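Data file: input30.cif. Format and content: mmCIF, C-alpha atoms.
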data_final
loop_
_atom_site.group_PDB
_atom_site.id
_atom_site.type_symbol
_atom_site.label_atom_id
_atom_site.label_comp_id
_atom_site.auth_asym_id
_atom_site.auth_seq_id
_atom_site.Cartn_x
_atom_site.Cartn_y
_atom_site.Cartn_z
ATOM 1 C CA MET A 1 -15.478 31.012 4.937
ATOM 2 C CA GLY A 2 -16.275 30.744 8.658
ATOM 3 C CA GLN A 3 -19.012 28.123 8.474
ATOM 4 C CA SER A 4 -18.813 24.471 7.533
ATOM 5 C CA LEU A 5 -19.534 23.897 3.868
ATOM 6 C CA TRP A 6 -22.031 21.164 4.732
ATOM 7 C CA ASP A 7 -23.634 22.204 8.021
ATOM 8 C CA GLY A 8 -25.808 19.327 9.202
ATOM 9 C CA GLY A 9 -25.718 17.604 5.834
ATOM 10 C CA SER A 10 -29.245 18.475 4.618
ATOM 11 C CA THR A 11 -28.104 21.156 2.181
ATOM 12 C CA PHE A 12 -25.559 18.890 0.588
ATOM 13 C CA TYR A 13 -27.895 15.915 0.186
ATOM 14 C CA GLY A 14 -30.865 18.050 -0.940
ATOM 15 C CA ILE A 15 -33.396 15.366 -0.034
ATOM 16 C CA ASP A 16 -36.425 17.346 -1.201
ATOM 17 C CA HIS A 17 -35.010 17.728 -4.710
ATOM 18 C CA CYS A 18 -33.647 14.223 -5.298
ATOM 19 C CA ASN A 19 -34.790 11.517 -7.674
ATOM 20 C CA ARG A 20 -37.624 9.349 -6.401
ATOM 21 C CA VAL A 21 -37.968 5.759 -7.498
ATOM 22 C CA CYS A 22 -41.227 5.398 -5.641
ATOM 23 C CA ASN A 23 -43.079 7.197 -2.871
ATOM 24 C CA ASP A 24 -40.915 5.667 -0.144
ATOM 25 C CA THR A 25 -37.460 5.743 -1.762
ATOM 26 C CA ILE A 26 -35.230 8.700 -2.586
ATOM 27 C CA ILE A 27 -31.912 8.346 -4.429
ATOM 28 C CA VAL A 28 -29.244 11.000 -3.921
ATOM 29 C CA PHE A 29 -26.550 11.382 -6.573
ATOM 30 C CA PRO A 30 -27.872 8.393 -8.545
ATOM 31 C CA ALA A 31 -25.182 8.529 -11.269
ATOM 32 C CA LEU A 32 -22.130 9.827 -9.373
ATOM 33 C CA GLU A 33 -19.143 7.480 -9.720
ATOM 34 C CA GLN A 34 -16.227 9.640 -8.523
ATOM 35 C CA LEU A 35 -16.012 12.153 -5.677
ATOM 36 C CA VAL A 36 -12.915 14.166 -4.720
ATOM 37 C CA LEU A 37 -12.820 16.497 -1.705
ATOM 38 C CA SER A 38 -9.540 18.394 -1.795
ATOM 39 C CA SER A 39 -8.086 21.371 0.115
ATOM 40 C CA MET A 40 -11.296 22.352 1.925
ATOM 41 C CA PRO A 41 -9.924 23.729 5.210
ATOM 42 C CA ASN A 42 -13.279 24.924 6.584
ATOM 43 C CA MET A 43 -15.270 21.768 5.971
ATOM 44 C CA THR A 44 -16.021 20.353 9.409
ATOM 45 C CA GLU A 45 -18.863 17.888 9.017
ATOM 46 C CA TRP A 46 -20.085 15.307 6.535
ATOM 47 C CA VAL A 47 -22.944 13.431 8.163
ATOM 48 C CA GLU A 48 -24.238 9.926 7.575
ATOM 49 C CA VAL A 49 -27.385 9.637 5.478
ATOM 50 C CA GLU A 50 -29.455 8.534 8.504
ATOM 51 C CA VAL A 51 -29.215 12.025 9.932
ATOM 52 C CA VAL A 52 -31.165 13.490 7.032
ATOM 53 C CA GLU A 53 -33.893 10.870 6.661
ATOM 54 C CA THR A 54 -37.383 12.255 7.275
ATOM 55 C CA GLN A 55 -40.921 10.878 7.554
ATOM 56 C CA SER A 56 -39.635 7.261 7.466
ATOM 57 C CA ARG A 57 -38.666 7.528 3.818
ATOM 58 C CA GLN A 58 -35.793 5.359 2.625
ATOM 59 C CA VAL A 59 -32.843 7.365 1.337
ATOM 60 C CA LYS A 60 -30.103 5.848 -0.822
ATOM 61 C CA VAL A 61 -26.946 7.912 -1.206
ATOM 62 C CA PHE A 62 -24.127 7.387 -3.717
ATOM 63 C CA PRO A 63 -25.482 4.069 -5.076
ATOM 64 C CA CYS A 64 -22.890 4.107 -7.908
ATOM 65 C CA LEU A 65 -19.916 5.786 -6.195
ATOM 66 C CA GLU A 66 -16.760 3.760 -6.880
ATOM 67 C CA TYR A 67 -13.957 6.251 -6.181
ATOM 68 C CA LEU A 68 -13.596 8.562 -3.182
ATOM 69 C CA LYS A 69 -10.628 10.774 -2.344
ATOM 70 C CA ILE A 70 -10.337 13.028 0.704
ATOM 71 C CA SER A 71 -7.276 15.269 0.661
ATOM 72 C CA ASN A 72 -6.141 18.097 2.943
ATOM 73 C CA CYS A 73 -9.430 18.526 4.813
ATOM 74 C CA ASN A 74 -8.018 18.829 8.320
ATOM 75 C CA LYS A 75 -11.083 20.199 10.114
ATOM 76 C CA LEU A 76 -13.310 17.391 8.953
ATOM 77 C CA ARG A 77 -14.564 15.645 12.081
ATOM 78 C CA GLY A 78 -16.170 12.683 10.359
ATOM 79 C CA ALA A 79 -17.518 11.217 7.154
ATOM 80 C CA PRO A 80 -20.069 8.605 6.066
ATOM 81 C CA SER A 81 -18.808 5.068 6.475
ATOM 82 C CA HIS A 82 -21.039 3.197 4.054
ATOM 83 C CA PHE A 83 -20.808 3.423 0.264
ATOM 84 C CA PRO A 84 -22.570 0.486 -1.436
ATOM 85 C CA CYS A 85 -20.257 0.233 -4.459
ATOM 86 C CA LEU A 86 -17.025 1.862 -3.261
ATOM 87 C CA LYS A 87 -13.982 0.226 -4.861
ATOM 88 C CA GLU A 88 -11.190 2.763 -4.378
ATOM 89 C CA LEU A 89 -10.505 5.012 -1.392
ATOM 90 C CA GLU A 90 -7.688 7.553 -1.030
ATOM 91 C CA ILE A 91 -6.916 9.425 2.182
ATOM 92 C CA GLU A 92 -4.183 12.022 1.691
ATOM 93 C CA GLY A 93 -2.614 14.912 3.552
ATOM 94 C CA MET A 94 -4.723 14.619 6.707
ATOM 95 C CA ASP A 95 -3.002 16.164 9.739
ATOM 96 C CA SER A 96 -5.826 16.002 12.267
ATOM 97 C CA VAL A 97 -5.858 13.063 14.681
ATOM 98 C CA LEU A 98 -9.631 13.319 15.144
ATOM 99 C CA ALA A 99 -10.312 13.469 11.415
ATOM 100 C CA LEU A 100 -8.114 10.436 10.773
ATOM 101 C CA ALA A 101 -9.748 8.439 13.571
ATOM 102 C CA ASN A 102 -13.236 9.173 12.249
ATOM 103 C CA ILE A 103 -12.617 8.839 8.523
ATOM 104 C CA CYS A 104 -10.296 5.811 8.682
ATOM 105 C CA GLY A 105 -12.280 4.240 11.506
ATOM 106 C CA THR A 106 -13.459 0.704 12.079
ATOM 107 C CA LYS A 107 -16.886 1.345 10.505
ATOM 108 C CA LEU A 108 -15.352 2.261 7.163
ATOM 109 C CA PHE A 109 -13.614 -1.114 6.834
ATOM 110 C CA TYR A 110 -16.530 -3.204 8.086
ATOM 111 C CA ASN A 111 -19.104 -1.375 5.940
ATOM 112 C CA ASN A 112 -17.244 -1.495 2.628
ATOM 113 C CA GLN A 113 -16.465 -5.130 1.972
ATOM 114 C CA HIS A 114 -16.104 -4.577 -1.784
ATOM 115 C CA LEU A 115 -13.212 -2.133 -1.448
ATOM 116 C CA ARG A 116 -10.463 -3.080 -3.906
ATOM 117 C CA GLN A 117 -7.915 -0.289 -3.510
ATOM 118 C CA LEU A 118 -6.914 1.579 -0.362
ATOM 119 C CA PHE A 119 -4.334 4.383 -0.394
ATOM 120 C CA ILE A 120 -3.265 6.254 2.756
ATOM 121 C CA GLN A 121 -0.595 8.874 2.137
ATOM 122 C CA ASP A 122 1.039 11.859 3.838
ATOM 123 C CA CYS A 123 -0.755 11.567 7.171
ATOM 124 C CA PRO A 124 1.890 12.625 9.729
ATOM 125 C CA ARG A 125 -0.264 12.018 12.830
ATOM 126 C CA LEU A 126 -1.685 8.640 11.915
ATOM 127 C CA ARG A 127 -0.488 6.240 14.649
ATOM 128 C CA GLU A 128 -2.385 3.059 13.831
ATOM 129 C CA LEU A 129 -4.895 1.676 11.391
ATOM 130 C CA ALA A 130 -8.314 0.883 12.754
ATOM 131 C CA ASP A 131 -9.459 -2.677 13.332
ATOM 132 C CA GLY A 132 -11.315 -4.226 10.433
ATOM 133 C CA LEU A 133 -8.599 -4.231 7.797
ATOM 134 C CA HIS A 134 -8.743 -8.030 7.867
ATOM 135 C CA THR A 135 -12.365 -7.928 6.659
ATOM 136 C CA LEU A 136 -11.433 -6.451 3.269
ATOM 137 C CA ASN A 137 -11.317 -9.771 1.450
ATOM 138 C CA SER A 138 -11.688 -8.121 -1.976
ATOM 139 C CA LEU A 139 -8.726 -5.784 -1.493
ATOM 140 C CA GLN A 140 -6.337 -5.825 -4.454
ATOM 141 C CA LYS A 141 -4.052 -2.863 -3.745
ATOM 142 C CA LEU A 142 -2.908 -1.516 -0.391
ATOM 143 C CA THR A 143 -0.567 1.483 -0.259
ATOM 144 C CA ILE A 144 0.565 3.231 2.916
ATOM 145 C CA GLU A 145 3.307 5.794 2.542
ATOM 146 C CA ARG A 146 4.810 8.824 4.236
ATOM 147 C CA CYS A 147 3.086 8.303 7.580
ATOM 148 C CA PRO A 148 5.980 8.976 9.971
ATOM 149 C CA SER A 149 4.007 8.340 13.198
ATOM 150 C CA LEU A 150 2.430 5.043 12.163
ATOM 151 C CA LYS A 151 3.443 2.400 14.699
ATOM 152 C CA SER A 152 1.242 -0.588 14.022
ATOM 153 C CA ILE A 153 -0.998 -2.336 11.537
ATOM 154 C CA PRO A 154 -3.770 -4.395 13.191
ATOM 155 C CA ASP A 155 -3.477 -8.146 13.550
ATOM 156 C CA CYS A 156 -4.800 -9.659 10.330
ATOM 157 C CA SER A 157 -4.535 -13.315 11.349
ATOM 158 C CA SER A 158 -8.282 -13.858 10.882
ATOM 159 C CA GLY A 159 -8.347 -12.236 7.451
ATOM 160 C CA SER A 160 -7.833 -13.585 3.982
ATOM 161 C CA PHE A 161 -6.032 -11.373 1.461
ATOM 162 C CA THR A 162 -6.107 -13.843 -1.402
ATOM 163 C CA SER A 163 -6.992 -11.062 -3.881
ATOM 164 C CA LEU A 164 -4.176 -8.702 -2.904
ATOM 165 C CA CYS A 165 -1.897 -8.051 -5.901
ATOM 166 C CA SER A 166 0.018 -4.981 -4.755
ATOM 167 C CA LEU A 167 1.379 -4.178 -1.288
ATOM 168 C CA VAL A 168 3.336 -0.939 -0.894
ATOM 169 C CA ILE A 169 4.453 0.360 2.508
ATOM 170 C CA ARG A 170 7.040 3.125 2.421
ATOM 171 C CA ASP A 171 8.530 5.809 4.621
ATOM 172 C CA CYS A 172 6.906 4.814 7.898
ATOM 173 C CA PRO A 173 10.022 4.928 10.112
ATOM 174 C CA GLU A 174 8.183 4.264 13.396
ATOM 175 C CA LEU A 175 6.311 1.175 12.201
ATOM 176 C CA VAL A 176 7.326 -1.639 14.555
ATOM 177 C CA ASN A 177 5.213 -4.567 13.474
ATOM 178 C CA LEU A 178 4.224 -5.327 9.903
ATOM 179 C CA SER A 179 1.481 -7.926 9.722
ATOM 180 C CA ALA A 180 3.188 -11.159 8.673
ATOM 181 C CA GLU A 181 -0.240 -12.810 8.502
ATOM 182 C CA MET A 182 -1.367 -10.336 5.853
ATOM 183 C CA VAL A 183 1.788 -10.830 3.789
ATOM 184 C CA GLU A 184 1.613 -14.609 4.094
ATOM 185 C CA SER A 185 -2.054 -14.914 3.124
ATOM 186 C CA SER A 186 -1.547 -12.615 0.128
ATOM 187 C CA ALA A 187 1.751 -14.196 -0.982
ATOM 188 C CA PRO A 188 0.290 -16.484 -3.706
ATOM 189 C CA SER A 189 -1.487 -13.556 -5.413
ATOM 190 C CA LEU A 190 1.079 -10.771 -4.911
ATOM 191 C CA LYS A 191 2.586 -9.325 -8.080
ATOM 192 C CA ARG A 192 4.114 -6.196 -6.547
ATOM 193 C CA LEU A 193 5.817 -5.910 -3.150
ATOM 194 C CA GLU A 194 7.468 -2.648 -2.193
ATOM 195 C CA LEU A 195 8.850 -2.072 1.293
ATOM 196 C CA GLY A 196 10.988 0.963 2.014
ATOM 197 C CA GLY A 197 12.000 3.272 4.839
ATOM 198 C CA LEU A 198 10.867 0.859 7.570
ATOM 199 C CA ARG A 199 13.850 1.050 9.879
ATOM 200 C CA SER A 200 11.967 0.037 13.058
ATOM 201 C CA VAL A 201 10.144 -3.087 11.869
ATOM 202 C CA MET A 202 11.011 -5.917 14.265
ATOM 203 C CA ASN A 203 9.652 -8.855 12.259
ATOM 204 C CA MET A 204 11.255 -8.124 8.876
ATOM 205 C CA GLN A 205 12.747 -11.618 8.733
ATOM 206 C CA MET A 206 9.251 -13.141 8.925
ATOM 207 C CA ILE A 207 8.188 -10.965 5.990
ATOM 208 C CA ILE A 208 11.215 -11.992 3.908
ATOM 209 C CA ASP A 209 10.552 -15.661 4.641
ATOM 210 C CA CYS A 210 7.191 -15.266 2.871
ATOM 211 C CA LEU A 211 9.019 -14.718 -0.442
ATOM 212 C CA ASP A 212 9.029 -18.476 -0.949
ATOM 213 C CA LYS A 213 5.271 -18.409 -1.485
ATOM 214 C CA MET A 214 5.215 -15.485 -3.928
ATOM 215 C CA GLN A 215 5.070 -17.439 -7.157
ATOM 216 C CA CYS A 216 3.487 -14.603 -9.185
ATOM 217 C CA LEU A 217 5.716 -11.763 -7.982
ATOM 218 C CA ASP A 218 7.150 -9.686 -10.810
ATOM 219 C CA TYR A 219 8.105 -6.433 -9.020
ATOM 220 C CA LEU A 220 10.152 -6.456 -5.784
ATOM 221 C CA ILE A 221 11.613 -3.388 -4.080
ATOM 222 C CA LEU A 222 13.380 -3.628 -0.709
ATOM 223 C CA CYS A 223 14.930 -0.315 0.339
ATOM 224 C CA ARG A 224 16.271 1.016 3.629
ATOM 225 C CA LEU A 225 15.165 -1.970 5.693
ATOM 226 C CA PRO A 226 16.605 -3.665 8.783
ATOM 227 C CA LYS A 227 19.034 -6.480 8.087
ATOM 228 C CA PHE A 228 17.546 -9.782 6.919
ATOM 229 C CA ILE A 229 18.827 -13.128 5.666
ATOM 230 C CA THR A 230 17.690 -14.971 2.547
ATOM 231 C CA THR A 231 18.308 -18.539 1.477
ATOM 232 C CA SER A 232 17.446 -20.458 -1.671
ATOM 233 C CA SER A 233 13.837 -21.531 -2.078
ATOM 234 C CA THR A 234 12.688 -25.001 -1.144
ATOM 235 C CA HIS A 235 9.344 -24.597 -2.908
ATOM 236 C CA THR A 236 8.670 -23.506 -6.494
ATOM 237 C CA PRO A 237 11.734 -23.974 -8.761
ATOM 238 C CA PRO A 238 13.182 -20.680 -10.101
ATOM 239 C CA SER A 239 12.231 -21.612 -13.675
ATOM 240 C CA PHE A 240 8.575 -21.134 -12.746
ATOM 241 C CA ARG A 241 9.051 -17.703 -11.197
ATOM 242 C CA SER A 242 8.211 -14.450 -12.999
ATOM 243 C CA LEU A 243 10.250 -11.742 -11.241
ATOM 244 C CA ARG A 244 11.006 -8.990 -13.763
ATOM 245 C CA GLN A 245 12.251 -6.104 -11.648
ATOM 246 C CA LEU A 246 14.379 -6.134 -8.496
ATOM 247 C CA SER A 247 15.595 -3.163 -6.482
ATOM 248 C CA VAL A 248 17.585 -3.549 -3.265
ATOM 249 C CA ARG A 249 18.992 -0.709 -1.197
ATOM 250 C CA PRO A 250 19.916 -1.698 2.353
ATOM 251 C CA ASP A 251 20.044 0.442 5.450
ATOM 252 C CA SER A 252 23.793 1.030 5.604
ATOM 253 C CA ASP A 253 23.782 1.168 9.426
ATOM 254 C CA SER A 254 22.967 -2.515 9.848
ATOM 255 C CA TRP A 255 24.370 -4.039 6.644
ATOM 256 C CA ASP A 256 27.833 -4.786 5.373
ATOM 257 C CA CYS A 257 29.145 -5.811 1.975
ATOM 258 C CA VAL A 258 28.957 -9.560 2.635
ATOM 259 C CA SER A 259 25.434 -9.577 4.116
ATOM 260 C CA PHE A 260 24.177 -7.417 1.236
ATOM 261 C CA LYS A 261 25.703 -9.752 -1.371
ATOM 262 C CA GLU A 262 24.280 -12.826 0.340
ATOM 263 C CA ALA A 263 20.819 -11.283 0.615
ATOM 264 C CA VAL A 264 20.652 -10.401 -3.089
ATOM 265 C CA ASP A 265 22.028 -13.814 -4.078
ATOM 266 C CA GLY A 266 19.412 -15.478 -1.892
ATOM 267 C CA ILE A 267 16.592 -13.521 -3.525
ATOM 268 C CA LEU A 268 17.844 -14.344 -7.017
ATOM 269 C CA MET A 269 18.246 -18.014 -6.133
ATOM 270 C CA ARG A 270 14.623 -18.051 -4.986
ATOM 271 C CA PHE A 271 13.290 -16.415 -8.136
ATOM 272 C CA GLY A 272 15.972 -17.204 -10.690
ATOM 273 C CA SER A 273 17.228 -14.668 -13.223
ATOM 274 C CA ASN A 274 15.670 -16.007 -16.432
ATOM 275 C CA SER A 275 12.753 -13.575 -16.279
ATOM 276 C CA LEU A 276 14.642 -10.674 -14.682
ATOM 277 C CA ARG A 277 14.810 -7.576 -16.895
ATOM 278 C CA LYS A 278 15.685 -4.686 -14.585
ATOM 279 C CA VAL A 279 17.980 -4.659 -11.546
ATOM 280 C CA GLU A 280 18.829 -1.724 -9.289
ATOM 281 C CA LEU A 281 21.394 -2.168 -6.493
ATOM 282 C CA SER A 282 22.632 0.523 -4.133
ATOM 283 C CA GLY A 283 25.213 -0.056 -1.436
ATOM 284 C CA LYS A 284 28.183 1.801 0.021
ATOM 285 C CA GLU A 285 31.171 3.246 -1.759
ATOM 286 C CA ASP A 286 33.648 0.706 -0.371
ATOM 287 C CA TRP A 287 31.531 -2.360 -1.161
ATOM 288 C CA GLU A 288 33.341 -4.366 -3.817
ATOM 289 C CA LEU A 289 31.456 -7.596 -4.348
ATOM 290 C CA LEU A 290 28.749 -8.009 -6.957
ATOM 291 C CA PRO A 291 26.257 -10.792 -6.129
ATOM 292 C CA ASP A 292 27.203 -14.110 -7.760
ATOM 293 C CA GLN A 293 23.810 -14.442 -9.426
ATOM 294 C CA LEU A 294 24.490 -11.259 -11.438
ATOM 295 C CA GLN A 295 27.821 -12.308 -12.866
ATOM 296 C CA HIS A 296 26.128 -13.657 -16.018
ATOM 297 C CA PRO A 297 23.126 -11.388 -16.678
ATOM 298 C CA SER A 298 21.917 -12.980 -19.909
ATOM 299 C CA CYS A 299 18.380 -11.516 -19.860
ATOM 300 C CA ILE A 300 18.783 -8.233 -17.965
ATOM 301 C CA VAL A 301 18.166 -5.201 -20.170
ATOM 302 C CA SER A 302 18.625 -2.537 -17.486
ATOM 303 C CA LEU A 303 21.247 -2.644 -14.716
ATOM 304 C CA TYR A 304 21.669 0.239 -12.279
ATOM 305 C CA LEU A 305 24.544 0.125 -9.759
ATOM 306 C CA SER A 306 24.949 2.891 -7.192
ATOM 307 C CA ASP A 307 27.493 3.469 -4.409
ATOM 308 C CA LEU A 308 29.525 0.353 -5.184
ATOM 309 C CA GLU A 309 33.262 0.109 -5.915
ATOM 310 C CA TYR A 310 33.292 0.348 -9.723
ATOM 311 C CA ASN A 311 36.385 -1.647 -10.769
ATOM 312 C CA ASN A 312 36.011 -4.685 -8.567
ATOM 313 C CA CYS A 313 32.267 -4.932 -9.139
ATOM 314 C CA LEU A 314 32.558 -4.924 -12.911
ATOM 315 C CA ASN A 315 35.663 -7.077 -13.279
ATOM 316 C CA GLY A 316 33.655 -10.278 -13.329
ATOM 317 C CA LEU A 317 30.578 -8.904 -15.068
ATOM 318 C CA GLU A 318 29.947 -10.164 -18.597
ATOM 319 C CA ILE A 319 28.984 -6.843 -20.151
ATOM 320 C CA SER A 320 28.411 -8.449 -23.542
ATOM 321 C CA HIS A 321 25.230 -10.077 -22.282
ATOM 322 C CA LEU A 322 23.568 -6.802 -21.245
#
Same coordinates, now as structure tokens:
Amino acid sequence: MGQSLWDGGSTFYGIDHCNRVCNDTIIVFPALEQLVLSSMPNMTEWVEVEVVETQSRQVKVFPCLEYLKISNCNKLRGAPSHFPCLKELEIEGMDSVLALANICGTKLFYNNQHLRQLFIQDCPRLRELADGLHTLNSLQKLTIERCPSLKSIPDCSSGSFTSLCSLVIRDCPELVNLSAEMVESSAPSLKRLELGGLRSVMNMQMIIDCLDKMQCLDYLILCRLPKFITTSSTHTPPSFRSLRQLSVRPDSDSWDCVSFKEAVDGILMRFGSNSLRKVELSGKEDWELLPDQLQHPSCIVSLYLSDLEYNNCLNGLEISHL
């Protein structure tokens, strides 16, 4: 197909054939709740509704749309930025710099204040997120993964992420600065924190220090990260924590056996082990020390140890409690 699927936008919106609520109002796709655009290599344009308004009539488009996914549409130069009820947005497999800049632009964040879930995945040329992320005060889940060129996430110091329950950032090896303000403001509400493959992050220690405020966290994964230090919490006592799953896999280039053991012990001292059910630890083959806090795993039902010296690690482990 040599032409754009939606040249100019008028054919797609079909203004002359849409539902009319009154003489001056036209509603396009009045009942549509989900829209997926996937693997459409010749789609080049998806215009804003204003472009197709005629004779001063008011046109409402996608009044009920809650879920939008755009995947592998690399010639797409732009997309509408305002969806009145949009709650979940997925951008996946976009390899065009122009398409990413237009679709994930500032307007999209500022115009969709009710967005609850944002997923950006497999975008190899994405270098930075647009300004406006801090305005998404209703955001509950943020996932950014497999974006190897991503270098920065905008300053979110003026935002409030008090609704954020899940933060997942993985396999972004060039990311230098992870917004500590975003992590700190969301800490009291976070239930899932997953950070992995972030070898270049310079402020990882600031992120780890926010663990003290994560009283509702029940799922924590820290894999292939720069070296950090943890100490016991000075805030909420461990008995009030709810951590159920812990996975730690350090970047072997910057860690050693002792620093790894101390980091895991520090995390477990912050959260306690009474609620912990699943633990996954990966190290290096010559690492012999099991963290002190795991010597008596009375409540753990699943323990996965990888790349650790078997005999010395298990000598002090009370297997009968597993």
Next on the checklist: When you look at Asn111 of chain A with a cut-off of 7 Å (counting only C-alpha atoms), what residues show up, excluding the ones that are within fewer than 3 positions of it in the same chain? I need them as a PyMOL selection string.
Outcome noted: chain A and resi 81-82+107-108
Starting from the PyMOL selection byres ((chain A and resi 169-185) around 7), expand the selection into actual residues of this file and give them as a JSON list (two decimals) with C-alpha atoms, in the frame of the given file.
[["chain", "number", "residue", "atom", "x", "y", "z"],
["A", 143, "THR", "CA", -0.57, 1.48, -0.26],
["A", 144, "ILE", "CA", 0.56, 3.23, 2.92],
["A", 145, "GLU", "CA", 3.31, 5.79, 2.54],
["A", 146, "ARG", "CA", 4.81, 8.82, 4.24],
["A", 147, "CYS", "CA", 3.09, 8.30, 7.58],
["A", 148, "PRO", "CA", 5.98, 8.98, 9.97],
["A", 149, "SER", "CA", 4.01, 8.34, 13.20],
["A", 150, "LEU", "CA", 2.43, 5.04, 12.16],
["A", 151, "LYS", "CA", 3.44, 2.40, 14.70],
["A", 152, "SER", "CA", 1.24, -0.59, 14.02],
["A", 153, "ILE", "CA", -1.00, -2.34, 11.54],
["A", 155, "ASP", "CA", -3.48, -8.15, 13.55],
["A", 156, "CYS", "CA", -4.80, -9.66, 10.33],
["A", 157, "SER", "CA", -4.54, -13.32, 11.35],
["A", 160, "SER", "CA", -7.83, -13.58, 3.98],
["A", 161, "PHE", "CA", -6.03, -11.37, 1.46],
["A", 162, "THR", "CA", -6.11, -13.84, -1.40],
["A", 167, "LEU", "CA", 1.38, -4.18, -1.29],
["A", 168, "VAL", "CA", 3.34, -0.94, -0.89],
["A", 186, "SER", "CA", -1.55, -12.62, 0.13],
["A", 187, "ALA", "CA", 1.75, -14.20, -0.98],
["A", 194, "GLU", "CA", 7.47, -2.65, -2.19],
["A", 195, "LEU", "CA", 8.85, -2.07, 1.29],
["A", 196, "GLY", "CA", 10.99, 0.96, 2.01],
["A", 197, "GLY", "CA", 12.00, 3.27, 4.84],
["A", 198, "LEU", "CA", 10.87, 0.86, 7.57],
["A", 199, "ARG", "CA", 13.85, 1.05, 9.88],
["A", 200, "SER", "CA", 11.97, 0.04, 13.06],
["A", 201, "VAL", "CA", 10.14, -3.09, 11.87],
["A", 202, "MET", "CA", 11.01, -5.92, 14.26],
["A", 203, "ASN", "CA", 9.65, -8.86, 12.26],
["A", 206, "MET", "CA", 9.25, -13.14, 8.93],
["A", 207, "ILE", "CA", 8.19, -10.96, 5.99],
["A", 210, "CYS", "CA", 7.19, -15.27, 2.87]]
TODO: For Cys85 of chain A, list every protein, DNA or RNA residue within 12 Å, evaluated using all atoms listed in the file, and leave out those in the same chain fewer than 5 positions away; present the list as a ChimeraX atom specification.
DONE: /A:30-34,60-68,111-116
- Query: Could you state the separation of atom CA of Phe119 of chain A and atom CA of Trp46 of chain A in Å, given to one decimal place?
  - Reply: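 Between atom CA of Phe119 of chain A and atom CA of Trp46 of chain A the gap works out to 20.4 Å.
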Would you kindly translate the PyMOL selection byres ((chain A and resi 246-249) around 6) into the concrete residues it picks from this file, as a list in words?
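Applied to this file, the PyMOL selection byres ((chain A and resi 246-249) around 6) returns Leu220, Ile221, Leu222, Cys223, Arg224, Gln245, Pro250, Val279, Glu280, Leu281 and Ser282 of chain A.
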Atom pair atom CA of Cys216 of chain A + atom CA of Lys191 of chain A, distance 5.5 Å
Counting all atoms listed in the file, which of A:Ser163, A:Ser39, A:Gln293, A:Ser259 gets nearest to Asn274 of chain A?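 Looking at the shortest contact to Asn274 of chain A, the residue is A:Gln293.
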Taking into account only C-alpha atoms, which residue in the set A:Cys165, A:Leu35, A:Met40, A:Leu100 is nearest to Phe83 of chain A?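 Of the candidates, the smallest distance to Phe83 of chain A is held by A:Leu35.
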